[in-house]
file final.cif (mmCIF, C-alpha atoms)
data_data
loop_
_atom_site.label_atom_id
_atom_site.label_comp_id
_atom_site.auth_asym_id
_atom_site.auth_seq_id
_atom_site.Cartn_x
_atom_site.Cartn_y
_atom_site.Cartn_z
CA MET A 1 -135.17 -110.41 -7.73
CA SER A 2 -137.72 -107.64 -8.20
CA CYS A 3 -136.61 -104.23 -9.37
CA ASP A 4 -139.65 -101.92 -9.15
CA PRO A 5 -139.27 -98.12 -9.30
CA VAL A 6 -137.36 -98.21 -6.00
CA PRO A 7 -133.65 -97.73 -5.34
CA CYS A 8 -132.79 -101.26 -6.43
CA ASP A 9 -129.63 -101.83 -8.46
CA ALA A 10 -129.97 -105.53 -9.25
CA PRO A 11 -130.31 -105.52 -13.05
CA ARG A 12 -129.32 -108.44 -15.15
CA LEU A 13 -125.59 -107.84 -15.62
CA THR A 14 -122.76 -109.73 -17.21
CA PRO A 15 -120.56 -111.16 -14.47
CA ARG A 16 -117.53 -108.95 -13.93
CA ALA A 17 -114.19 -110.63 -14.41
CA ASP A 18 -111.74 -110.55 -11.54
CA PRO A 19 -108.32 -108.92 -12.04
CA THR A 20 -106.96 -112.17 -13.46
CA GLY A 21 -109.74 -112.36 -16.08
CA ASN A 22 -111.79 -115.08 -14.38
CA SER A 23 -115.60 -114.85 -14.27
CA ILE A 24 -118.02 -115.91 -11.58
CA GLN A 25 -117.88 -119.51 -12.76
CA ALA A 26 -114.20 -119.52 -11.80
CA LEU A 27 -114.74 -118.28 -8.24
CA GLU A 28 -113.71 -120.94 -5.80
CA GLY A 29 -115.67 -122.56 -3.06
CA ARG A 30 -119.38 -122.24 -2.32
CA ALA A 31 -119.69 -119.09 -4.49
CA ALA A 32 -119.16 -120.98 -7.76
CA LYS A 33 -122.41 -120.69 -9.75
CA THR A 34 -123.49 -121.84 -13.19
CA GLY A 35 -125.46 -119.63 -15.62
CA LYS A 36 -128.55 -121.76 -14.96
CA GLU A 37 -128.34 -121.12 -11.22
CA ILE A 38 -127.88 -117.39 -11.74
CA GLY A 39 -130.94 -117.46 -14.02
CA ARG A 40 -132.99 -118.89 -11.16
CA TYR A 41 -132.05 -115.88 -9.02
CA GLU A 42 -132.94 -113.49 -11.83
CA ARG A 43 -136.36 -115.13 -12.30
CA GLU A 44 -136.84 -115.19 -8.49
CA VAL A 45 -137.27 -118.96 -8.50
CA ARG A 46 -134.68 -118.95 -5.76
CA ILE A 47 -133.48 -116.17 -3.45
CA PRO A 48 -129.74 -116.18 -2.61
CA VAL A 49 -128.80 -116.48 1.04
CA PRO A 50 -126.56 -113.83 2.63
CA TYR A 51 -123.37 -115.86 2.14
CA THR A 52 -124.07 -116.29 -1.57
CA ARG A 53 -125.08 -112.65 -1.99
CA LYS A 54 -121.63 -111.62 -0.78
CA TYR A 55 -119.98 -113.42 -3.67
CA LEU A 56 -122.61 -112.44 -6.21
CA ALA A 57 -121.95 -108.82 -5.33
CA GLN A 58 -118.24 -109.36 -5.83
CA ALA A 59 -118.79 -111.03 -9.20
CA PHE A 60 -121.19 -108.39 -10.52
CA GLY A 61 -119.29 -105.44 -9.10
CA ILE A 62 -122.09 -104.05 -6.95
CA GLU A 63 -122.66 -103.51 -3.23
CA VAL A 64 -124.04 -106.29 -1.07
CA ALA A 65 -126.54 -103.77 0.31
CA VAL A 66 -128.12 -103.48 -3.14
CA LEU A 67 -128.76 -107.23 -3.27
CA ASP A 68 -130.03 -107.17 0.31
CA ARG A 69 -132.66 -104.58 -0.63
CA ALA A 70 -133.66 -106.58 -3.71
CA VAL A 71 -134.10 -109.69 -1.55
CA ALA A 72 -136.23 -107.73 0.91
CA LEU A 73 -138.49 -106.56 -1.91
CA SER A 74 -138.77 -110.06 -3.39
CA LYS A 75 -139.81 -111.43 -0.02
CA SER A 76 -142.28 -108.58 0.32
CA LEU A 77 -143.93 -109.49 -2.97
CA ARG A 78 -144.10 -113.13 -1.85
CA GLY A 79 -145.65 -112.09 1.46
CA GLU A 80 -142.84 -113.61 3.47
CA GLU A 81 -142.38 -112.56 7.07
CA GLY A 82 -139.89 -109.89 7.97
CA SER A 83 -140.01 -108.18 4.60
CA SER A 84 -141.09 -104.67 3.67
CA SER A 85 -144.56 -104.09 2.20
CA GLY A 86 -144.25 -100.80 0.34
CA PHE A 87 -141.95 -98.28 -1.21
CA SER A 88 -141.47 -96.06 1.81
CA GLN A 89 -140.89 -99.06 4.11
CA GLU A 90 -138.49 -100.72 1.70
CA TRP A 91 -136.58 -97.50 1.32
CA THR A 92 -136.19 -96.93 5.05
CA ALA A 93 -135.55 -100.62 5.78
CA ARG A 94 -132.31 -100.65 3.75
CA PRO A 95 -129.32 -101.95 5.73
CA ALA A 96 -127.87 -99.15 7.78
CA VAL A 97 -124.42 -97.86 6.86
CA PRO A 98 -122.07 -98.54 9.78
CA PRO A 99 -121.25 -95.37 11.69
CA ARG A 100 -118.12 -93.67 10.44
CA SER A 101 -116.39 -90.46 11.14
CA GLY A 102 -114.78 -87.81 9.03
CA ALA A 103 -114.39 -88.39 5.28
CA GLY A 104 -115.67 -91.96 5.53
CA ALA A 105 -119.03 -90.86 6.90
CA VAL A 106 -119.41 -88.22 4.21
CA SER A 107 -118.59 -90.75 1.51
CA ALA A 108 -121.07 -93.29 2.87
CA ASP A 109 -123.78 -90.63 3.07
CA ALA A 110 -123.21 -89.78 -0.61
CA VAL A 111 -124.31 -93.33 -1.46
CA MET A 112 -127.81 -92.39 -0.33
CA SER A 113 -127.89 -89.47 -2.77
CA ASP A 114 -126.56 -91.70 -5.52
CA ASP A 115 -129.30 -94.27 -4.88
CA PHE A 116 -131.99 -91.60 -5.01
CA ALA A 117 -130.57 -90.19 -8.24
CA ARG A 118 -130.95 -93.64 -9.79
CA PHE A 119 -134.54 -93.74 -8.57
CA VAL A 120 -135.24 -90.33 -10.15
CA ALA A 121 -133.73 -91.53 -13.43
CA LEU A 122 -136.17 -94.43 -13.66
CA ARG A 123 -138.86 -93.18 -16.07
CA ASN A 124 -141.02 -94.56 -18.87
CA ALA A 125 -141.26 -91.41 -21.01
CA ASP A 126 -138.84 -88.72 -22.08
CA GLN A 127 -139.36 -85.39 -23.82
CA PHE A 128 -139.30 -87.00 -27.26
CA VAL A 129 -142.16 -89.34 -26.35
CA VAL A 130 -144.21 -86.44 -25.00
CA GLU A 131 -143.54 -84.26 -28.05
CA GLN A 132 -144.58 -87.06 -30.43
CA LEU A 133 -147.80 -87.61 -28.49
CA GLU A 134 -148.59 -83.88 -28.61
CA ALA A 135 -147.93 -83.84 -32.36
CA ASP A 136 -150.27 -86.81 -32.87
CA VAL A 137 -153.00 -85.15 -30.80
CA ALA A 138 -152.72 -81.94 -32.83
CA ARG A 139 -152.90 -83.89 -36.10
CA LEU A 140 -156.01 -85.80 -35.00
CA ALA A 141 -157.67 -82.65 -33.63
CA ARG A 142 -157.30 -80.91 -36.97
CA ALA A 143 -158.28 -83.92 -39.06
CA TYR A 144 -161.36 -84.59 -36.92
CA VAL A 145 -163.31 -81.63 -38.30
CA SER A 146 -163.04 -82.75 -41.93
CA HIS A 147 -162.46 -86.51 -42.03
CA PRO A 148 -164.87 -89.43 -41.52
CA LEU A 149 -165.09 -90.67 -37.96
CA LEU A 150 -164.15 -94.22 -39.00
CA GLU A 151 -160.71 -93.03 -40.10
CA LEU A 152 -159.81 -91.57 -36.71
CA TYR A 153 -161.62 -93.38 -33.92
CA VAL A 154 -159.23 -96.32 -33.60
CA GLU A 155 -156.15 -94.09 -33.42
CA ILE A 156 -157.77 -91.74 -30.91
CA LYS A 157 -158.50 -94.69 -28.65
CA ARG A 158 -155.01 -96.17 -29.08
CA LEU A 159 -153.28 -92.90 -28.21
CA ARG A 160 -155.62 -92.22 -25.30
CA ASP A 161 -154.97 -95.64 -23.77
CA GLY A 162 -151.24 -95.16 -24.36
CA ALA A 163 -151.29 -91.83 -22.52
CA PHE A 164 -153.10 -93.48 -19.59
CA GLU A 165 -150.43 -96.19 -19.46
CA LEU A 166 -147.59 -93.67 -19.50
CA LEU A 167 -149.20 -91.75 -16.65
CA ARG A 168 -149.30 -94.93 -14.57
CA GLY A 169 -145.51 -95.01 -14.77
CA ARG A 170 -142.90 -92.43 -13.79
CA GLN A 171 -141.58 -89.41 -15.63
CA HIS A 172 -140.27 -85.95 -14.92
CA PRO A 173 -142.95 -83.78 -13.25
CA ARG A 174 -142.97 -81.36 -16.20
CA GLN A 175 -143.54 -84.27 -18.59
CA THR A 176 -146.24 -85.65 -16.31
CA THR A 177 -148.09 -82.34 -16.64
CA ASP A 178 -147.76 -82.44 -20.43
CA LEU A 179 -149.03 -86.02 -20.48
CA TYR A 180 -152.09 -85.04 -18.43
CA VAL A 181 -152.86 -82.28 -20.94
CA ALA A 182 -152.50 -84.73 -23.85
CA ALA A 183 -154.71 -87.27 -22.04
CA SER A 184 -157.30 -84.55 -21.42
CA ARG A 185 -157.38 -83.66 -25.11
CA LEU A 186 -157.62 -87.30 -26.18
CA CYS A 187 -160.52 -87.83 -23.77
CA GLY A 188 -162.06 -84.69 -25.24
CA LEU A 189 -161.76 -86.17 -28.72
CA SER A 190 -163.35 -89.38 -27.43
CA ALA A 191 -166.21 -87.32 -26.00
CA HIS A 192 -166.72 -85.69 -29.40
CA VAL A 193 -166.80 -89.13 -31.05
CA CYS A 194 -169.61 -90.14 -28.69
CA LEU A 195 -171.41 -86.83 -29.29
CA ASP A 196 -171.34 -87.43 -33.03
CA LEU A 197 -172.73 -90.92 -32.50
CA GLY A 198 -175.46 -89.67 -30.19
CA ASP A 199 -174.10 -91.64 -27.20
CA TYR A 200 -174.41 -88.80 -24.70
CA ASN A 201 -173.84 -90.86 -21.54
CA SER A 202 -170.49 -92.10 -22.83
CA ALA A 203 -169.65 -88.59 -23.99
CA ALA A 204 -170.26 -87.33 -20.46
CA THR A 205 -167.98 -90.03 -19.02
CA HIS A 206 -165.13 -89.08 -21.35
CA ALA A 207 -165.72 -85.41 -20.57
CA ARG A 208 -165.44 -86.02 -16.82
CA THR A 209 -162.15 -87.84 -17.32
CA ALA A 210 -160.94 -85.02 -19.57
CA ARG A 211 -161.79 -82.55 -16.81
CA ALA A 212 -159.98 -84.67 -14.19
CA CYS A 213 -156.83 -84.75 -16.34
CA ALA A 214 -157.06 -81.01 -16.99
CA GLU A 215 -157.38 -80.37 -13.26
CA ALA A 216 -154.36 -82.59 -12.57
CA ALA A 217 -152.38 -80.51 -15.06
CA GLY A 218 -153.80 -77.20 -13.82
CA HIS A 219 -154.61 -76.27 -17.43
CA GLU A 220 -157.19 -73.46 -17.46
CA GLY A 221 -157.67 -73.62 -21.21
CA MET A 222 -158.64 -77.30 -21.17
CA LEU A 223 -160.87 -76.84 -18.13
CA ALA A 224 -162.77 -74.16 -20.04
CA TRP A 225 -162.88 -76.31 -23.19
CA VAL A 226 -164.29 -79.31 -21.30
CA ARG A 227 -167.08 -77.09 -19.96
CA ALA A 228 -167.92 -76.34 -23.57
CA VAL A 229 -168.21 -80.06 -24.30
CA GLU A 230 -170.39 -80.57 -21.22
CA SER A 231 -172.57 -77.68 -22.40
CA LEU A 232 -172.94 -79.39 -25.77
CA ILE A 233 -173.97 -82.65 -24.09
CA ALA A 234 -176.59 -80.84 -22.01
CA TYR A 235 -177.86 -78.98 -25.10
CA TRP A 236 -178.34 -82.12 -27.18
CA THR A 237 -180.07 -83.90 -24.31
CA GLY A 238 -182.62 -81.09 -24.04
CA ARG A 239 -181.28 -79.52 -20.82
CA TYR A 240 -180.97 -76.03 -22.26
CA GLU A 241 -180.78 -74.09 -18.99
CA ALA A 242 -178.04 -76.43 -17.75
CA ALA A 243 -176.23 -75.98 -21.06
CA GLY A 244 -176.27 -72.23 -20.56
CA ARG A 245 -175.00 -72.52 -16.98
CA LEU A 246 -172.16 -74.84 -17.98
CA ALA A 247 -171.07 -72.49 -20.74
CA ARG A 248 -171.13 -69.55 -18.35
CA ALA A 249 -169.15 -71.54 -15.77
CA GLY A 250 -166.51 -72.21 -18.41
CA ARG A 251 -166.15 -68.48 -18.99
CA GLN A 252 -164.91 -68.10 -15.40
CA HIS A 253 -161.65 -69.85 -16.26
CA ARG A 254 -158.75 -67.58 -17.17
CA ALA A 255 -158.07 -69.10 -20.55
CA GLY A 256 -156.56 -67.54 -23.64
CA GLY A 257 -157.42 -68.03 -27.29
CA THR A 258 -160.91 -68.37 -28.71
CA ILE A 259 -162.47 -70.51 -25.98
CA THR A 260 -164.28 -67.55 -24.39
CA ALA A 261 -165.96 -66.75 -27.71
CA ARG A 262 -166.96 -70.42 -28.02
CA LEU A 263 -168.48 -70.51 -24.55
CA ALA A 264 -170.41 -67.26 -25.07
CA SER A 265 -171.75 -68.60 -28.39
CA LEU A 266 -172.84 -71.84 -26.74
CA GLU A 267 -174.52 -69.91 -23.94
CA ALA A 268 -176.40 -67.75 -26.46
CA ARG A 269 -177.69 -70.76 -28.38
CA ALA A 270 -178.75 -72.56 -25.20
CA LEU A 271 -180.51 -69.50 -23.73
CA ALA A 272 -182.37 -68.98 -27.00
CA MET A 273 -183.69 -72.54 -26.81
CA ALA A 274 -184.61 -71.99 -23.15
CA GLY A 275 -186.68 -68.95 -24.17
CA ASN A 276 -184.37 -66.39 -22.55
CA ARG A 277 -184.25 -63.85 -25.39
CA PRO A 278 -182.47 -61.02 -23.51
CA GLY A 279 -179.85 -63.43 -22.19
CA ALA A 280 -179.28 -64.93 -25.63
CA VAL A 281 -178.84 -61.51 -27.27
CA ALA A 282 -176.43 -60.44 -24.51
CA ALA A 283 -174.38 -63.62 -24.88
CA LEU A 284 -174.17 -63.08 -28.65
CA ALA A 285 -172.74 -59.63 -28.00
CA ASP A 286 -170.26 -61.11 -25.51
CA ALA A 287 -169.15 -63.64 -28.14
CA ALA A 288 -168.51 -60.86 -30.65
CA ARG A 289 -166.49 -58.84 -28.13
CA SER A 290 -164.50 -61.90 -27.12
CA ARG A 291 -163.65 -62.58 -30.75
CA GLU A 292 -162.30 -59.06 -31.20
CA ALA A 293 -160.14 -59.43 -28.09
CA VAL A 294 -158.53 -62.75 -29.08
CA PRO A 295 -154.72 -62.35 -29.07
CA GLY A 296 -152.75 -64.62 -31.40
CA HIS A 297 -153.66 -68.23 -32.08
CA ASP A 298 -155.12 -71.10 -30.09
CA GLU A 299 -152.74 -73.46 -28.34
CA ALA A 300 -154.21 -76.48 -30.15
CA PRO A 301 -155.83 -76.65 -33.61
CA GLY A 302 -158.91 -78.23 -35.09
CA VAL A 303 -161.65 -79.22 -32.73
CA PHE A 304 -159.90 -77.40 -29.86
CA ALA A 305 -160.02 -74.07 -31.70
CA PHE A 306 -163.06 -71.93 -32.50
CA PRO A 307 -162.72 -70.44 -35.97
CA THR A 308 -164.69 -67.39 -37.00
CA ALA A 309 -166.69 -69.53 -39.43
CA LYS A 310 -167.96 -71.70 -36.59
CA GLN A 311 -168.92 -68.67 -34.56
CA PHE A 312 -171.07 -67.42 -37.45
CA ALA A 313 -172.66 -70.88 -37.73
CA TYR A 314 -173.60 -70.81 -34.02
CA ALA A 315 -174.91 -67.26 -34.35
CA GLY A 316 -177.10 -68.35 -37.26
CA THR A 317 -178.70 -71.10 -35.20
CA THR A 318 -179.24 -68.70 -32.29
CA HIS A 319 -180.93 -66.04 -34.44
CA LEU A 320 -183.11 -68.69 -36.07
CA THR A 321 -184.22 -69.93 -32.66
CA LEU A 322 -185.02 -66.41 -31.47
CA GLY A 323 -187.38 -66.04 -34.42
CA GLY A 324 -189.02 -63.00 -35.93
CA ARG A 325 -188.28 -61.65 -39.38
CA GLU A 326 -185.26 -59.58 -38.32
CA HIS A 327 -183.57 -62.48 -36.51
CA VAL A 328 -184.38 -64.86 -39.37
CA GLN A 329 -182.70 -62.52 -41.83
CA GLN A 330 -179.68 -62.26 -39.52
CA ALA A 331 -179.66 -66.06 -39.31
CA ILE A 332 -179.52 -66.34 -43.10
CA ALA A 333 -176.70 -63.79 -43.28
CA SER A 334 -174.71 -65.52 -40.50
CA ALA A 335 -175.12 -69.01 -41.97
CA ASP A 336 -174.14 -67.77 -45.43
CA THR A 337 -171.02 -66.10 -43.99
CA ALA A 338 -170.07 -69.32 -42.21
CA ILE A 339 -170.32 -71.28 -45.45
CA GLN A 340 -168.23 -68.75 -47.38
CA LEU A 341 -165.52 -68.71 -44.71
CA TYR A 342 -165.34 -72.50 -44.60
CA ARG A 343 -165.22 -72.70 -48.39
CA GLY A 344 -162.24 -70.35 -48.36
CA ALA A 345 -160.34 -72.36 -45.74
CA GLU A 346 -157.87 -75.18 -46.32
CA ASP A 347 -159.42 -78.60 -46.85
CA ASP A 348 -158.46 -79.90 -43.39
CA ASP A 349 -160.09 -76.85 -41.76
CA GLN A 350 -163.43 -77.20 -43.56
CA SER A 351 -165.74 -78.57 -40.90
CA VAL A 352 -168.18 -80.93 -42.61
CA GLY A 353 -170.50 -80.85 -39.60
CA ASP A 354 -170.67 -77.05 -39.53
CA LEU A 355 -171.24 -76.91 -43.29
CA PHE A 356 -174.18 -79.29 -42.88
CA ALA A 357 -175.55 -77.25 -39.97
CA ALA A 358 -175.21 -73.93 -41.81
CA HIS A 359 -176.96 -75.27 -44.92
CA VAL A 360 -179.82 -76.67 -42.85
CA ASP A 361 -180.15 -73.31 -41.05
CA LEU A 362 -180.17 -71.52 -44.39
CA ALA A 363 -182.90 -73.84 -45.62
CA ARG A 364 -184.97 -73.25 -42.47
CA GLY A 365 -184.45 -69.51 -42.77
CA HIS A 366 -185.75 -69.46 -46.33
CA LEU A 367 -188.64 -71.68 -45.31
CA ARG A 368 -189.58 -69.26 -42.50
CA LEU A 369 -189.65 -66.46 -45.08
CA GLY A 370 -191.92 -68.53 -47.33
CA ASP A 371 -189.21 -69.18 -49.96
CA LEU A 372 -189.59 -72.88 -50.80
CA ASP A 373 -187.28 -72.57 -53.80
CA GLY A 374 -184.51 -71.25 -51.55
CA THR A 375 -185.17 -74.01 -49.06
CA GLU A 376 -184.76 -76.72 -51.69
CA ALA A 377 -181.63 -75.08 -53.11
CA MET A 378 -179.92 -74.89 -49.72
CA LEU A 379 -180.72 -78.53 -48.93
CA GLY A 380 -178.99 -79.76 -52.07
CA PHE A 381 -175.61 -79.86 -50.32
CA VAL A 382 -177.03 -81.97 -47.49
CA LEU A 383 -179.17 -84.35 -49.53
CA ASP A 384 -176.38 -85.02 -52.04
CA SER A 385 -173.80 -85.85 -49.37
CA PRO A 386 -172.98 -89.36 -48.05
CA PRO A 387 -175.28 -90.09 -45.07
CA GLU A 388 -172.39 -91.63 -43.11
CA ARG A 389 -170.78 -88.19 -42.85
CA MET A 390 -173.75 -86.86 -40.85
CA SER A 391 -173.55 -86.73 -37.06
CA ALA A 392 -176.43 -87.38 -34.68
CA SER A 393 -177.00 -83.62 -34.31
CA ILE A 394 -177.36 -83.18 -38.09
CA VAL A 395 -179.86 -86.03 -38.21
CA ARG A 396 -181.92 -84.23 -35.57
CA ARG A 397 -181.75 -80.97 -37.51
CA ILE A 398 -182.97 -82.46 -40.80
CA THR A 399 -185.66 -84.43 -38.97
CA ALA A 400 -186.95 -81.21 -37.39
CA LEU A 401 -186.93 -79.49 -40.79
CA GLY A 402 -188.92 -82.37 -42.24
CA ARG A 403 -191.57 -81.82 -39.59
CA GLU A 404 -191.75 -78.13 -40.46
CA LEU A 405 -192.33 -79.02 -44.12
CA GLY A 406 -195.33 -81.06 -43.02
CA GLY A 407 -196.97 -78.01 -41.48
CA PRO A 408 -200.49 -76.93 -42.55
CA GLN A 409 -199.18 -73.73 -44.17
CA TYR A 410 -197.88 -75.78 -47.07
CA GLY A 411 -201.23 -77.45 -47.63
CA GLY A 412 -199.71 -80.70 -48.79
CA ALA A 413 -197.89 -79.04 -51.71
CA ALA A 414 -196.21 -81.66 -53.89
CA ARG A 415 -192.77 -79.98 -53.71
CA ALA A 416 -192.90 -79.73 -49.91
CA ALA A 417 -194.04 -83.35 -49.62
CA ARG A 418 -191.27 -84.55 -51.94
CA LEU A 419 -188.63 -82.58 -50.06
CA ARG A 420 -189.88 -83.87 -46.74
CA GLU A 421 -189.73 -87.44 -48.00
CA ARG A 422 -186.11 -86.98 -49.13
CA LEU A 423 -185.17 -85.55 -45.74
CA GLN A 424 -186.79 -88.45 -43.91
CA HIS A 425 -185.02 -90.98 -46.16
CA THR A 426 -181.63 -89.31 -45.56
CA ALA A 427 -182.24 -89.19 -41.80
CA VAL A 428 -183.02 -92.91 -41.72
CA LEU A 429 -179.87 -93.79 -43.69
CA ALA A 430 -177.68 -91.53 -41.54
CA ALA A 431 -179.10 -92.96 -38.32
CA LEU A 432 -178.37 -96.59 -39.23
CA PRO A 433 -175.72 -98.12 -36.90
CA ALA A 434 -173.52 -99.09 -39.84
CA ALA A 435 -173.32 -95.47 -40.95
CA HIS A 436 -171.27 -94.42 -37.91
CA SER A 437 -169.80 -97.66 -36.58
CA PRO A 438 -166.51 -96.73 -34.91
CA GLU A 439 -165.12 -100.19 -35.46
CA PRO A 440 -163.14 -100.92 -38.64
CA PRO A 441 -165.02 -102.91 -41.28
CA THR A 442 -164.48 -106.67 -41.40
#
call {"tool": "encode", "arguments": {"input": "final.cif", "output": "structure tokens"}}
result
Amino acid sequence: MSCDPVPCDAPRLTPRADPTGNSIQALEGRAAKTGKEIGRYEREVRIPVPYTRKYLAQAFGIEVAVLDRAVALSKSLRGEEGSSSGFSQEWTARPAVPPRSGAGAVSADAVMSDDFARFVALRNADQFVVEQLEADVARLARAYVSHPLLELYVEIKRLRDGAFELLRGRQHPRQTTDLYVAASRLCGLSAHVCLDLGDYNSAATHARTARACAEAAGHEGMLAWVRAVESLIAYWTGRYEAAGRLARAGRQHRAGGTITARLASLEARALAMAGNRPGAVAALADAARSREAVPGHDEAPGVFAFPTAKQFAYAGTTHLTLGGREHVQQAIASADTAIQLYRGAEDDDQSVGDLFAAHVDLARGHLRLGDLDGTEAMLGFVLDSPPERMSASIVRRITALGRELGGPQYGGAARAARLRERLQHTAVLAALPAAHSPEPPT
């Protein structure tokens, strides 16, 4: 007989012995049942009639009403007439307790509370499960910034699907909230995977699910962080004004940590690309003020945090986009600072993607100042690195730099042509499907 998350106490129990030590097989008369027959009831091949249920209840030491409710649910699942069709109906359709008075009525009423307590106790996750999931998410979030995608994708997907499955079950409301936050972060990691692969439609889908989970949890920090991801998606699909709006919308959430500095930095970069110079400069100033006001540490590490080094990397790109000698010099200084800060960090906190981006920005800055030697020197880190470590955004950056090297101002200089050829070759290798395949090798 079915035992869904309803007040049903018909588990598979060992038959209780009667006071003389006899089991159900020793019960006399029509109630005598073999183990095989009892198995048929457990598998719902047969449903015991009321007379038999009376003796089964006696043998198993439970109330007949419990078996009656289990039978009603089994009939409901079979679509049989006269059965309940849902939780609320099944609950209210339980056999009524005969009217009593005095202490007897109070005792009978307590059975209802006891049944509901059993229902509340039915859960598929406890605090230990939630804490382990949170620890795994934090580990993956930190490792993501410095490890190859292939090492992490499968586990991110496994944990995300596991969180979804847990949320389809029952748990304490506080644990449900924690699971929604974990699911939001895992969807956020999945969105970043798609961003790195250049699959922006899939990234947007994961981001929407991350936002839905964050809203279910009422987590302002994750709601703000998801807006940052959506801003990134808009930026890399060429919708710069939308990217700026999304970043600004994220700043409306009352979130702690470094997320406000991240959003202001994203807004500055997007506005610079959209040609809004005053807005970009103002957003850069907001990012700097937000950084100074950050109290303590971020709630989650790695990709969910916004280290100072990353902020300098974003500022470098923004200044480079704004153009003009002063901004180009600031871009070089910002990118160089980002590299030095990352080099001084622990290995797991050294973002490979940001190091690539900062070196490319440094190379472009030197190129804009007419320093071809500096350009070639700064590109050494990128060109000597494994192409499979480069994300779709890095491929676009080095492709754009290659186009700049083909400009008429270099007059077909041999060094510029050679450097451009190396950049094009690296971009082709990095863009090959095998370079970023999220599936394990076979």
call {"tool": "atom_distance", "arguments": {"input": "final.cif", "atom1": "atom CA of Leu149 of chain A", "atom2": "atom CA of Gly365 of chain A"}}
result
29.1 Å
call {"tool": "axis_aligned_box", "arguments": {"input": "final.cif", "around": "segment 245-264 of chain A", "padding_each_side": "4 Å", "output": "JSON"}}
result
{"center_x": -165.8, "center_y": -70.8, "center_z": -22.1, "size_x": 26.4, "size_y": 16.1, "size_z": 21.3}
call {"tool": "atom_distance", "arguments": {"input": "final.cif", "atom1": "atom CA of Ser231 of chain A", "atom2": "atom CA of Ala274 of chain A"}}
result
13.3 Å
call {"tool": "atom_distance", "arguments": {"input": "final.cif", "atom1": "atom CA of Glu299 of chain A", "atom2": "atom CA of Arg269 of chain A"}}
result
25.1 Å
call {"tool": "closest_residue", "arguments": {"input": "final.cif", "among": "A:Met222, A:Ala110, A:Val352, A:Ala309", "to": "Asp336 of chain A", "atoms": "only C-alpha atoms"}}
result
A:Ala309
call {"tool": "resolve_selection", "arguments": {"input": "final.cif", "expression": "the PyMOL selection byres ((chain A and resi 248-257) around 7)", "output": "NGL selection string"}}
result
:A and (220-221 or 224 or 227-228 or 244-247 or 258-260 or 263 or 267 or 294-295 or 297-298)
call {"tool": "write_last_selection", "arguments": {"input": "final.cif", "atoms": "C-alpha atoms", "output": "tab-separated table (two decimals), keeping the file's coordinate frame"}}
result
chain	number	residue	atom	x	y	z
A	220	GLU	CA	-157.19	-73.46	-17.46
A	221	GLY	CA	-157.67	-73.62	-21.21
A	224	ALA	CA	-162.77	-74.16	-20.04
A	227	ARG	CA	-167.08	-77.09	-19.96
A	228	ALA	CA	-167.92	-76.34	-23.57
A	244	GLY	CA	-176.27	-72.23	-20.56
A	245	ARG	CA	-175.00	-72.52	-16.98
A	246	LEU	CA	-172.16	-74.84	-17.98
A	247	ALA	CA	-171.07	-72.49	-20.74
A	258	THR	CA	-160.91	-68.37	-28.71
A	259	ILE	CA	-162.47	-70.51	-25.98
A	260	THR	CA	-164.28	-67.55	-24.39
A	263	LEU	CA	-168.48	-70.51	-24.55
A	267	GLU	CA	-174.52	-69.91	-23.94
A	294	VAL	CA	-158.53	-62.75	-29.08
A	295	PRO	CA	-154.72	-62.35	-29.07
A	297	HIS	CA	-153.66	-68.23	-32.08
A	298	ASP	CA	-155.12	-71.10	-30.09
call {"tool": "resolve_selection", "arguments": {"input": "final.cif", "expression": "the PyMOL selection byres ((chain A and resi 328) around 9)", "output": "list in words"}}
result
Gly316, His319, Leu320, Thr321, Leu322, Gly323, Gly324, Arg325, Glu326, His327, Gln329, Gln330, Ala331, Ile332, Ala333, Arg364, Gly365, His366, Arg368 and Leu369 of chain A
call {"tool": "closest_residue", "arguments": {"input": "final.cif", "among": "A:Ala345, A:Ile339, A:Gly169, A:Arg418", "to": "Glu376 of chain A", "atoms": "only C-alpha atoms"}}
result
A:Arg418
call {"tool": "residues_around", "arguments": {"input": "final.cif", "residues": "segment 424-429 of chain A", "least_positions_apart": "2", "cutoff": "8 Å", "atoms": "all atoms listed in the file", "output": "PyMOL selection string"}}
result
chain A and resi 383+387-388+395-396+398-399+402+420-422+431-432+435
call {"tool": "residues_around", "arguments": {"input": "final.cif", "residues": "Leu271 of chain A", "least_positions_apart": "2", "cutoff": "10 Å", "atoms": "all atoms listed in the file", "output": "VMD selection string"}}
result
chain A and resid 235 240 to 245 265 to 269 273 to 283 318 321 to 322
call {"tool": "write_last_selection", "arguments": {"input": "final.cif", "atoms": "C-alpha atoms", "output": "tab-separated table (two decimals), keeping the file's coordinate frame"}}
result
chain	number	residue	atom	x	y	z
A	235	TYR	CA	-177.86	-78.98	-25.10
A	240	TYR	CA	-180.97	-76.03	-22.26
A	241	GLU	CA	-180.78	-74.09	-18.99
A	242	ALA	CA	-178.04	-76.43	-17.75
A	243	ALA	CA	-176.23	-75.98	-21.06
A	244	GLY	CA	-176.27	-72.23	-20.56
A	245	ARG	CA	-175.00	-72.52	-16.98
A	265	SER	CA	-171.75	-68.60	-28.39
A	266	LEU	CA	-172.84	-71.84	-26.74
A	267	GLU	CA	-174.52	-69.91	-23.94
A	268	ALA	CA	-176.40	-67.75	-26.46
A	269	ARG	CA	-177.69	-70.76	-28.38
A	273	MET	CA	-183.69	-72.54	-26.81
A	274	ALA	CA	-184.61	-71.99	-23.15
A	275	GLY	CA	-186.68	-68.95	-24.17
A	276	ASN	CA	-184.37	-66.39	-22.55
A	277	ARG	CA	-184.25	-63.85	-25.39
A	278	PRO	CA	-182.47	-61.02	-23.51
A	279	GLY	CA	-179.85	-63.43	-22.19
A	280	ALA	CA	-179.28	-64.93	-25.63
A	281	VAL	CA	-178.84	-61.51	-27.27
A	282	ALA	CA	-176.43	-60.44	-24.51
A	283	ALA	CA	-174.38	-63.62	-24.88
A	318	THR	CA	-179.24	-68.70	-32.29
A	321	THR	CA	-184.22	-69.93	-32.66
A	322	LEU	CA	-185.02	-66.41	-31.47
